[in-house]
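Novice: Pasting work.cif below, which is mmCIF, C-alpha atoms.
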```cif
data_structure
loop_
_atom_site.group_PDB
_atom_site.id
_atom_site.type_symbol
_atom_site.label_atom_id
_atom_site.label_comp_id
_atom_site.auth_asym_id
_atom_site.auth_seq_id
_atom_site.Cartn_x
_atom_site.Cartn_y
_atom_site.Cartn_z
ATOM 1 C CA MET A 16 0.000 0.000 0.000
ATOM 2 C CA ALA A 17 1.334 3.436 -0.934
ATOM 3 C CA ALA A 18 2.628 5.730 1.787
ATOM 4 C CA ASP A 19 -0.242 8.155 2.165
ATOM 5 C CA ILE A 20 -0.133 9.552 5.719
ATOM 6 C CA ALA A 21 1.803 12.464 7.176
ATOM 7 C CA VAL A 22 1.919 13.171 10.895
ATOM 8 C CA ILE A 23 2.148 16.888 11.723
ATOM 9 C CA VAL A 24 3.539 18.063 15.059
ATOM 10 C CA PRO A 25 3.476 21.846 15.648
ATOM 11 C CA THR A 26 5.873 23.010 18.371
ATOM 12 C CA LEU A 27 6.823 26.153 20.243
ATOM 13 C CA ARG A 28 9.957 26.050 22.386
ATOM 14 C CA ARG A 29 9.331 22.675 24.047
ATOM 15 C CA PRO A 30 12.335 20.556 22.989
ATOM 16 C CA ALA A 31 11.971 17.922 25.718
ATOM 17 C CA GLU A 32 8.228 17.546 25.154
ATOM 18 C CA LEU A 33 8.748 17.485 21.381
ATOM 19 C CA THR A 34 11.299 14.700 21.741
ATOM 20 C CA ARG A 35 8.805 12.654 23.754
ATOM 21 C CA ALA A 36 6.053 13.269 21.191
ATOM 22 C CA LEU A 37 8.239 12.352 18.217
ATOM 23 C CA ARG A 38 9.572 9.174 19.799
ATOM 24 C CA SER A 39 5.981 8.101 20.409
ATOM 25 C CA VAL A 40 5.352 8.526 16.668
ATOM 26 C CA PHE A 41 8.515 6.608 15.807
ATOM 27 C CA ALA A 42 7.187 3.710 17.914
ATOM 28 C CA GLN A 43 3.929 3.337 15.965
ATOM 29 C CA THR A 44 3.130 -0.212 14.899
ATOM 30 C CA GLY A 45 1.332 -1.563 11.862
ATOM 31 C CA VAL A 46 1.650 1.591 9.767
ATOM 32 C CA GLU A 47 5.197 1.386 8.426
ATOM 33 C CA ALA A 48 4.124 1.043 4.790
ATOM 34 C CA ARG A 49 1.686 3.943 4.996
ATOM 35 C CA LEU A 50 3.660 6.581 6.897
ATOM 36 C CA ARG A 51 5.048 8.983 4.298
ATOM 37 C CA GLU A 52 6.673 11.535 6.605
ATOM 38 C CA ILE A 53 6.600 13.256 9.958
ATOM 39 C CA VAL A 54 6.494 17.045 9.735
ATOM 40 C CA VAL A 55 7.614 19.219 12.633
ATOM 41 C CA VAL A 56 6.712 22.884 12.269
ATOM 42 C CA ASP A 57 8.753 25.093 14.586
ATOM 43 C CA ASN A 58 6.773 28.235 15.405
ATOM 44 C CA ASP A 59 9.575 29.927 17.361
ATOM 45 C CA PRO A 60 11.190 32.861 15.484
ATOM 46 C CA LYS A 61 14.530 31.672 16.921
ATOM 47 C CA ALA A 62 14.106 28.159 15.463
ATOM 48 C CA THR A 63 14.822 26.495 18.800
ATOM 49 C CA ALA A 64 13.437 23.093 17.733
ATOM 50 C CA ARG A 65 15.885 22.664 14.874
ATOM 51 C CA GLU A 66 18.557 20.997 16.975
ATOM 52 C CA ALA A 67 16.166 18.569 18.672
ATOM 53 C CA VAL A 68 14.674 17.493 15.338
ATOM 54 C CA GLY A 69 18.110 17.047 13.796
ATOM 55 C CA ALA A 70 19.239 14.874 16.702
ATOM 56 C CA LEU A 71 16.238 12.570 16.211
ATOM 57 C CA ALA A 72 16.410 12.162 12.437
ATOM 58 C CA ALA A 73 18.355 8.890 12.603
ATOM 59 C CA GLU A 74 15.695 7.336 14.850
ATOM 60 C CA SER A 75 12.777 8.088 12.568
ATOM 61 C CA PRO A 76 11.281 5.208 10.556
ATOM 62 C CA CYS A 77 10.387 7.631 7.736
ATOM 63 C CA PRO A 78 11.557 11.064 6.559
ATOM 64 C CA LEU A 79 11.499 13.546 9.459
ATOM 65 C CA MET A 80 10.910 16.989 8.013
ATOM 66 C CA TYR A 81 11.689 20.250 9.787
ATOM 67 C CA VAL A 82 9.703 23.355 8.813
ATOM 68 C CA HIS A 83 10.447 26.732 10.349
ATOM 69 C CA GLU A 84 7.499 29.146 10.494
ATOM 70 C CA PRO A 85 8.784 32.289 12.260
ATOM 71 C CA GLN A 86 5.414 34.080 12.321
ATOM 72 C CA PRO A 87 3.966 33.134 15.723
ATOM 73 C CA GLY A 88 0.458 31.731 15.534
ATOM 74 C CA VAL A 89 -1.183 28.337 15.816
ATOM 75 C CA ALA A 90 -3.144 28.554 12.542
ATOM 76 C CA THR A 91 -0.155 29.899 10.617
ATOM 77 C CA ALA A 92 1.976 27.035 11.923
ATOM 78 C CA ARG A 93 -0.546 24.386 10.884
ATOM 79 C CA ASN A 94 -0.885 25.914 7.415
ATOM 80 C CA ALA A 95 2.894 25.973 6.971
ATOM 81 C CA ALA A 96 3.138 22.296 7.815
ATOM 82 C CA LEU A 97 0.374 21.398 5.368
ATOM 83 C CA GLN A 98 2.143 23.289 2.593
ATOM 84 C CA SER A 99 5.207 21.083 3.059
ATOM 85 C CA THR A 100 3.469 17.757 2.420
ATOM 86 C CA ASP A 101 1.058 16.431 -0.187
ATOM 87 C CA ALA A 102 -0.038 13.380 1.776
ATOM 88 C CA PRO A 103 -3.770 12.685 1.314
ATOM 89 C CA LEU A 104 -4.226 11.761 4.979
ATOM 90 C CA ILE A 105 -3.042 14.081 7.746
ATOM 91 C CA ALA A 106 -2.713 13.172 11.430
ATOM 92 C CA PHE A 107 -2.135 15.899 14.012
ATOM 93 C CA LEU A 108 -0.333 15.346 17.303
ATOM 94 C CA ASP A 109 0.457 18.213 19.673
ATOM 95 C CA ASP A 110 3.973 18.596 21.058
ATOM 96 C CA ASP A 111 2.721 18.091 24.632
ATOM 97 C CA GLU A 112 1.136 14.743 23.722
ATOM 98 C CA ALA A 113 2.525 11.211 23.551
ATOM 99 C CA ALA A 114 0.780 8.541 21.508
ATOM 100 C CA GLU A 115 0.362 4.883 22.357
ATOM 101 C CA PRO A 116 2.016 2.479 19.851
ATOM 102 C CA HIS A 117 -1.277 1.589 18.128
ATOM 103 C CA TRP A 118 -2.497 5.219 17.987
ATOM 104 C CA LEU A 119 -2.114 5.833 14.268
ATOM 105 C CA SER A 120 -3.328 2.391 13.199
ATOM 106 C CA ALA A 121 -6.434 2.899 15.377
ATOM 107 C CA LEU A 122 -7.135 6.282 13.758
ATOM 108 C CA ILE A 123 -6.756 4.736 10.300
ATOM 109 C CA ALA A 124 -9.038 1.837 11.188
ATOM 110 C CA GLY A 125 -11.578 4.310 12.554
ATOM 111 C CA GLN A 126 -11.547 6.291 9.332
ATOM 112 C CA VAL A 127 -11.966 3.152 7.225
ATOM 113 C CA GLU A 128 -14.827 1.911 9.401
ATOM 114 C CA THR A 129 -16.738 5.187 9.523
ATOM 115 C CA GLY A 130 -15.806 6.822 6.231
ATOM 116 C CA ALA A 131 -15.556 10.088 8.173
ATOM 117 C CA ASP A 132 -13.714 13.154 6.928
ATOM 118 C CA VAL A 133 -12.145 13.662 10.372
ATOM 119 C CA VAL A 134 -11.577 11.027 13.047
ATOM 120 C CA PHE A 135 -10.761 11.931 16.655
ATOM 121 C CA GLY A 136 -9.281 9.832 19.444
ATOM 122 C CA PRO A 137 -9.411 9.928 23.251
ATOM 123 C CA ILE A 138 -6.901 11.788 25.423
ATOM 124 C CA ARG A 139 -5.750 11.167 28.983
ATOM 125 C CA GLY A 140 -5.059 14.458 30.728
ATOM 126 C CA ARG A 141 -1.894 14.463 32.852
ATOM 127 C CA VAL A 142 -1.152 17.285 35.289
ATOM 128 C CA PRO A 143 1.834 17.922 37.578
ATOM 129 C CA GLU A 144 1.730 16.994 41.234
ATOM 130 C CA GLY A 145 0.473 19.637 43.629
ATOM 131 C CA THR A 146 -2.805 20.589 41.954
ATOM 132 C CA GLY A 147 -4.751 19.289 44.971
ATOM 133 C CA TRP A 148 -8.536 19.257 44.829
ATOM 134 C CA ARG A 149 -8.406 20.632 41.303
ATOM 135 C CA THR A 150 -6.637 17.530 39.943
ATOM 136 C CA PRO A 151 -9.690 15.516 38.773
ATOM 137 C CA TYR A 152 -11.153 18.560 37.026
ATOM 138 C CA LEU A 153 -7.867 19.495 35.357
ATOM 139 C CA GLU A 154 -7.272 15.928 34.184
ATOM 140 C CA ARG A 155 -10.702 15.956 32.565
ATOM 141 C CA PHE A 156 -10.147 19.434 31.160
ATOM 142 C CA PHE A 157 -6.902 18.506 29.436
ATOM 143 C CA GLY A 158 -8.255 15.097 28.477
ATOM 144 C CA ARG A 159 -10.903 14.029 26.007
ATOM 145 C CA GLN A 160 -13.622 11.470 26.527
ATOM 146 C CA GLY A 161 -15.928 9.996 23.942
ATOM 147 C CA PRO A 162 -17.938 6.913 23.074
ATOM 148 C CA ALA A 163 -16.742 3.497 24.210
ATOM 149 C CA GLU A 164 -16.966 2.197 20.647
ATOM 150 C CA THR A 165 -15.595 3.411 17.330
ATOM 151 C CA GLY A 166 -18.217 5.048 15.109
ATOM 152 C CA LEU A 167 -19.650 8.235 13.683
ATOM 153 C CA ILE A 168 -20.262 11.135 16.070
ATOM 154 C CA ASP A 169 -22.311 14.300 15.694
ATOM 155 C CA HIS A 170 -19.741 16.896 16.760
ATOM 156 C CA ALA A 171 -16.068 17.735 16.453
ATOM 157 C CA TYR A 172 -13.245 17.985 18.976
ATOM 158 C CA GLY A 173 -9.852 19.720 18.656
ATOM 159 C CA CYS A 174 -7.065 19.070 16.153
ATOM 160 C CA GLY A 175 -4.754 17.339 18.606
ATOM 161 C CA ASN A 176 -5.145 13.577 18.126
ATOM 162 C CA ALA A 177 -7.078 13.688 14.876
ATOM 163 C CA LEU A 178 -6.811 12.138 11.417
ATOM 164 C CA MET A 179 -8.157 14.175 8.484
ATOM 165 C CA VAL A 180 -8.915 13.377 4.868
ATOM 166 C CA ARG A 181 -7.126 16.215 3.199
ATOM 167 C CA ALA A 182 -9.336 16.539 0.111
ATOM 168 C CA THR A 183 -12.518 17.121 2.110
ATOM 169 C CA ALA A 184 -11.460 18.347 5.555
ATOM 170 C CA LEU A 185 -8.536 20.613 4.628
ATOM 171 C CA PRO A 186 -9.505 22.538 1.481
ATOM 172 C CA GLY A 187 -7.157 24.975 -0.170
ATOM 173 C CA PRO A 188 -3.523 25.823 0.570
ATOM 174 C CA ALA A 189 -4.255 27.478 3.937
ATOM 175 C CA PRO A 190 -7.390 25.931 5.471
ATOM 176 C CA PHE A 191 -6.814 27.242 9.007
ATOM 177 C CA ASP A 192 -8.072 30.764 9.709
ATOM 178 C CA THR A 193 -5.069 32.883 10.697
ATOM 179 C CA THR A 194 -7.253 35.437 12.489
ATOM 180 C CA SER A 195 -7.267 32.812 15.264
ATOM 181 C CA ASP A 196 -3.480 32.780 15.551
ATOM 182 C CA GLN A 197 -3.297 34.321 19.006
ATOM 183 C CA SER A 198 -6.511 33.066 20.605
ATOM 184 C CA GLY A 199 -6.977 29.614 19.102
ATOM 185 C CA GLY A 200 -10.287 28.312 17.797
ATOM 186 C CA GLU A 201 -9.006 27.784 14.273
ATOM 187 C CA ASP A 202 -10.101 24.157 14.469
ATOM 188 C CA ASP A 203 -13.634 25.141 15.548
ATOM 189 C CA ALA A 204 -13.990 27.318 12.455
ATOM 190 C CA LEU A 205 -12.539 24.601 10.202
ATOM 191 C CA PHE A 206 -14.877 21.909 11.503
ATOM 192 C CA SER A 207 -17.925 24.189 11.502
ATOM 193 C CA ALA A 208 -17.349 24.874 7.802
ATOM 194 C CA LEU A 209 -16.842 21.159 7.153
ATOM 195 C CA SER A 210 -20.109 20.329 8.915
ATOM 196 C CA ALA A 211 -21.927 22.945 6.823
ATOM 197 C CA ARG A 212 -20.612 21.196 3.692
ATOM 198 C CA GLY A 213 -22.033 17.896 4.887
ATOM 199 C CA GLY A 214 -18.778 16.524 6.288
ATOM 200 C CA ARG A 215 -18.773 13.691 8.789
ATOM 201 C CA PHE A 216 -16.913 13.176 12.056
ATOM 202 C CA GLY A 217 -15.767 9.883 13.495
ATOM 203 C CA TRP A 218 -14.430 8.525 16.766
ATOM 204 C CA ALA A 219 -11.624 5.970 17.109
ATOM 205 C CA ALA A 220 -12.074 4.589 20.617
ATOM 206 C CA ASP A 221 -8.640 2.923 20.786
ATOM 207 C CA ALA A 222 -6.522 5.805 19.434
ATOM 208 C CA TRP A 223 -5.184 6.921 22.816
ATOM 209 C CA VAL A 224 -2.713 9.685 23.552
ATOM 210 C CA ASP A 225 -1.590 11.270 26.828
ATOM 211 C CA GLU A 226 -1.519 15.058 27.097
ATOM 212 C CA PHE A 227 0.900 16.498 29.655
ATOM 213 C CA ALA A 228 -0.217 19.907 30.855
ATOM 214 C CA PRO A 229 2.728 22.153 31.830
ATOM 215 C CA SER A 230 2.653 23.668 35.292
ATOM 216 C CA HIS A 231 1.757 27.182 34.093
ATOM 217 C CA ARG A 232 -1.356 25.803 32.372
ATOM 218 C CA ALA A 233 -2.389 23.269 35.014
ATOM 219 C CA THR A 234 -4.219 25.943 37.017
ATOM 220 C CA LEU A 235 -7.855 26.777 37.590
ATOM 221 C CA LYS A 236 -7.285 30.311 36.283
ATOM 222 C CA TYR A 237 -5.916 29.074 32.968
ATOM 223 C CA ALA A 238 -8.591 26.398 32.548
ATOM 224 C CA LEU A 239 -11.415 28.860 33.202
ATOM 225 C CA ALA A 240 -9.941 31.351 30.734
ATOM 226 C CA ARG A 241 -9.855 28.570 28.147
ATOM 227 C CA ALA A 242 -13.428 27.599 29.044
ATOM 228 C CA PHE A 243 -14.480 31.228 28.457
ATOM 229 C CA ALA A 244 -12.760 31.136 25.046
ATOM 230 C CA TYR A 245 -14.440 27.842 24.143
ATOM 231 C CA GLY A 246 -17.785 29.404 24.984
ATOM 232 C CA GLN A 247 -17.090 32.271 22.577
ATOM 233 C CA SER A 248 -16.764 30.000 19.555
ATOM 234 C CA PRO A 249 -20.449 29.276 18.684
ATOM 235 C CA PRO A 250 -21.622 32.918 18.517
ATOM 236 C CA GLN A 251 -18.377 34.034 16.858
ATOM 237 C CA ILE A 252 -18.768 31.418 14.140
ATOM 238 C CA ALA A 253 -22.435 32.396 13.671
ATOM 239 C CA HIS A 254 -21.454 36.065 13.406
ATOM 240 C CA ARG A 255 -18.794 35.364 10.789
ATOM 241 C CA ALA A 256 -21.342 33.320 8.827
ATOM 242 C CA GLY A 257 -23.772 36.256 8.830
ATOM 243 C CA LYS A 258 -26.406 34.532 10.991
ATOM 244 C CA PRO A 259 -27.632 37.133 13.504
ATOM 245 C CA ALA A 260 -30.485 34.920 14.731
ATOM 246 C CA SER A 261 -27.964 32.237 15.685
ATOM 247 C CA VAL A 262 -25.858 34.824 17.497
ATOM 248 C CA VAL A 263 -28.891 35.887 19.550
ATOM 249 C CA PHE A 264 -29.733 32.241 20.257
ATOM 250 C CA TRP A 265 -26.249 31.467 21.550
ATOM 251 C CA MET A 266 -26.172 34.619 23.647
ATOM 252 C CA GLY A 267 -29.462 33.556 25.229
ATOM 253 C CA VAL A 268 -28.008 30.145 25.982
ATOM 254 C CA GLY A 269 -24.998 31.882 27.491
ATOM 255 C CA VAL A 270 -27.093 34.058 29.790
ATOM 256 C CA ALA A 271 -28.927 30.993 31.103
ATOM 257 C CA GLN A 272 -25.703 29.044 31.599
ATOM 258 C CA THR A 273 -23.998 31.936 33.363
ATOM 259 C CA LEU A 274 -26.882 32.434 35.791
ATOM 260 C CA VAL A 275 -27.564 28.774 36.566
ATOM 261 C CA TRP A 276 -23.976 27.629 36.903
ATOM 262 C CA GLY A 277 -22.842 30.861 38.524
ATOM 263 C CA VAL A 278 -25.362 30.404 41.328
ATOM 264 C CA ALA A 279 -24.407 26.730 41.635
ATOM 265 C CA SER A 280 -20.742 27.708 41.865
ATOM 266 C CA LEU A 281 -21.393 30.174 44.672
ATOM 267 C CA ALA A 282 -23.263 27.515 46.652
ATOM 268 C CA LEU A 283 -20.525 24.935 46.161
ATOM 269 C CA MET A 284 -17.817 27.457 47.066
ATOM 270 C CA LEU A 285 -19.511 28.058 50.426
ATOM 271 C CA ILE A 286 -19.043 24.398 51.324
ATOM 272 C CA ALA A 287 -15.636 24.115 49.585
ATOM 273 C CA SER A 288 -16.881 21.340 47.302
ATOM 274 C CA PRO A 289 -14.384 20.108 44.686
ATOM 275 C CA ARG A 290 -17.319 20.096 42.253
ATOM 276 C CA ARG A 291 -17.148 23.873 42.124
ATOM 277 C CA ALA A 292 -14.444 23.631 39.469
ATOM 278 C CA GLU A 293 -16.880 21.955 37.081
ATOM 279 C CA THR A 294 -19.660 24.479 37.698
ATOM 280 C CA LEU A 295 -17.237 27.405 37.359
ATOM 281 C CA ASP A 296 -16.152 25.917 34.034
ATOM 282 C CA ARG A 297 -19.760 25.804 32.803
ATOM 283 C CA ALA A 298 -20.418 29.340 34.005
ATOM 284 C CA ALA A 299 -17.279 30.546 32.196
ATOM 285 C CA ARG A 300 -18.419 28.902 28.958
ATOM 286 C CA GLY A 301 -21.781 30.615 29.337
ATOM 287 C CA LEU A 302 -20.171 33.995 29.924
ATOM 288 C CA GLY A 303 -18.065 33.469 26.820
ATOM 289 C CA LYS A 304 -21.230 33.115 24.747
ATOM 290 C CA VAL A 305 -22.464 36.463 26.102
ATOM 291 C CA LEU A 306 -19.139 38.277 25.674
ATOM 292 C CA TRP A 307 -18.267 36.787 22.303
ATOM 293 C CA MET A 308 -17.294 40.008 20.557
ATOM 294 C CA GLU A 309 -14.052 40.280 18.630
ATOM 295 C CA GLY A 310 -11.292 41.745 20.775
ATOM 296 C CA LEU A 311 -12.442 40.067 23.987
ATOM 297 C CA GLU A 312 -10.770 36.738 23.235
ATOM 298 C CA PRO A 313 -8.106 35.594 25.706
ATOM 299 C CA HIS A 314 -4.758 35.073 23.969
ATOM 300 C CA PHE A 315 -3.058 31.755 24.680
ATOM 301 C CA TYR A 316 -0.806 31.327 21.652
ATOM 302 C CA GLY A 317 1.564 33.147 19.377
ATOM 303 C CA ALA A 318 3.122 36.377 20.612
ATOM 304 C CA ARG A 319 1.745 36.156 24.151
ATOM 305 C CA GLU A 320 3.071 32.636 24.712
ATOM 306 C CA LEU A 321 6.458 33.652 23.326
ATOM 307 C CA ALA A 322 6.551 36.628 25.687
ATOM 308 C CA ARG A 323 5.787 34.338 28.628
ATOM 309 C CA LEU A 324 8.524 31.936 27.576
ATOM 310 C CA ASP A 325 10.980 34.815 27.252
ATOM 311 C CA ARG A 326 10.194 35.838 30.836
ATOM 312 C CA VAL A 327 10.669 32.375 32.335
ATOM 313 C CA SER A 328 13.573 31.271 30.131
ATOM 314 C CA PRO A 329 15.262 34.247 28.460
ATOM 315 C CA SER A 330 18.339 32.190 27.593
ATOM 316 C CA ALA A 331 16.258 30.210 25.083
ATOM 317 C CA ALA A 332 15.262 33.305 23.163
#
```
The structure given in the file should be rewritten as structure tokens.
Specialist:
Amino acid sequence: MAADIAVIVPTLRRPAELTRALRSVFAQTGVEARLREIVVVDNDPKATAREAVGALAAESPCPLMYVHEPQPGVATARNAALQSTDAPLIAFLDDDEAAEPHWLSALIAGQVETGADVVFGPIRGRVPEGTGWRTPYLERFFGRQGPAETGLIDHAYGCGNALMVRATALPGPAPFDTTSDQSGGEDDALFSALSARGGRFGWAADAWVDEFAPSHRATLKYALARAFAYGQSPPQIAHRAGKPASVVFWMGVGVAQTLVWGVASLALMLIASPRRAETLDRAARGLGKVLWMEGLEPHFYGARELARLDRVSPSAA
């Protein structure tokens, strides 16, 4: 069978994590004849992943490609990687993830079984020690749960741990919306457009990866900010599609969620219940639907993340 799959791993100044992610791809079983290349796109202007990728080239079972995209931004990085490969099937793995040895073969089997344009797999969230009562919530937040069995599903997840049919799911030379470079959400817009075209989503129940949340993200503050941003996506997408009625609908949903879960959070905080993290998350998603307007998005990627990394590790810059 012809080599028809490329694995794309975007990275931003995480050489140790990138090494772990790439070695997990090298260890994949049952896909040797189909794996065309592994593409690492380095989104650091200083090209700090170049050395790590070069050191691993001899270990790779297929060509290991290094792409440097100096313009910081998650969508720009993904587009740059896609422009470097013509593989008809694209698998995405984040640099803070590590795949089990049967990960890619399970994604492929899921796509064959379902005929879906995009197939997603489950994620185990891993957080550092010391997160206390917040640990179960954070593990769920950084993880991904889905059906127990492989099959078609009615909604999309994020790009990390996903296999896409390029011809239908990734149209054009730059399918990811670069206006989302700093805030994220480029995958939401991509999958919303795919759904509108009649695209299908699938779930590969055995395609497991672990996601290791770094200490600066394994906090309630960060998770709630992300939850707020997730909540913004539905009305933002409706606004960009010119559907004012849908915007009003989602804002109404957001008001209800904010009130109901906000009150529940206050009650649970009074008794110091660990469940308050979940209700705060739901309230934050509701508030995001109300305050969806452009310019209010939290920035997690691109220039802001580089600035944070420069503060904590200036020698890497």
Novice: Using all atoms listed in the file, which residue out of A:Leu33, A:Ile105, A:Ile286, A:Leu306 lies closest to A:Pro249?
Specialist: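 Nearest candidate to A:Pro249 out of A:Leu33, A:Ile105, A:Ile286, A:Leu306: A:Leu306.
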Novice: Find the residues near stretch 172-176 of chain A: any atom within 6 Å, counting only C-alpha atoms, skip ones fewer than 2 places away on the same chain, and give them as a PDB file with C-alpha atoms, in the frame of the given file.
Specialist:
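As written to disk, result-v4.pdb reads:
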```pdb
ATOM      1  CA  PHE A 107      -2.135  15.899  14.012  1.00  0.00           C
ATOM      2  CA  LEU A 108      -0.333  15.346  17.303  1.00  0.00           C
ATOM      3  CA  ASP A 109       0.457  18.213  19.673  1.00  0.00           C
ATOM      4  CA  GLY A 136      -9.281   9.832  19.444  1.00  0.00           C
TER       5      GLY A 136
END
```
Novice: Given the file above and the PyMOL selection byres ((chain A and resi 227) around 8), which residues are selected, and can you give them as a list in words?
Specialist: Asp111, Glu112, Gly140, Arg141, Val142, Asp225, Glu226, Ala228 and Pro229 of chain A
Novice: Just how far from atom CA of A:Tyr152 is atom CA of A:Arg290, in Å to one decimal?
Specialist: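 Separation between atom CA of A:Arg290 and atom CA of A:Tyr152: 8.2 Å.
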Novice: Could you expand the PyMOL selection byres ((chain A and resi 93) around 10) into the explicit residues it covers here, written as a list in words?
Specialist: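 When the PyMOL selection byres ((chain A and resi 93) around 10) is applied, the selected residues are Ile23, Val24, Pro25, Thr26, Val55, Val56, Asn58, Glu84, Gly88, Val89, Ala90, Thr91, Ala92, Asn94, Ala95, Ala96, Leu97, Gln98, Phe107, Cys174, Ala189, Pro190, Phe191, Asp192, Thr193 and Glu201 of chain A.
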Novice: Pick out the residues sitting within 8 Å of stretch 121-128 of chain A, and hand them over as JSON, numbers by chain; count all atoms listed in the file, and ignore anything fewer than 4 positions along from it in its own chain.
Specialist: {"A": [117, 132, 133, 134, 135, 136, 165, 166, 177, 178, 217, 218, 219, 220, 221, 222]}
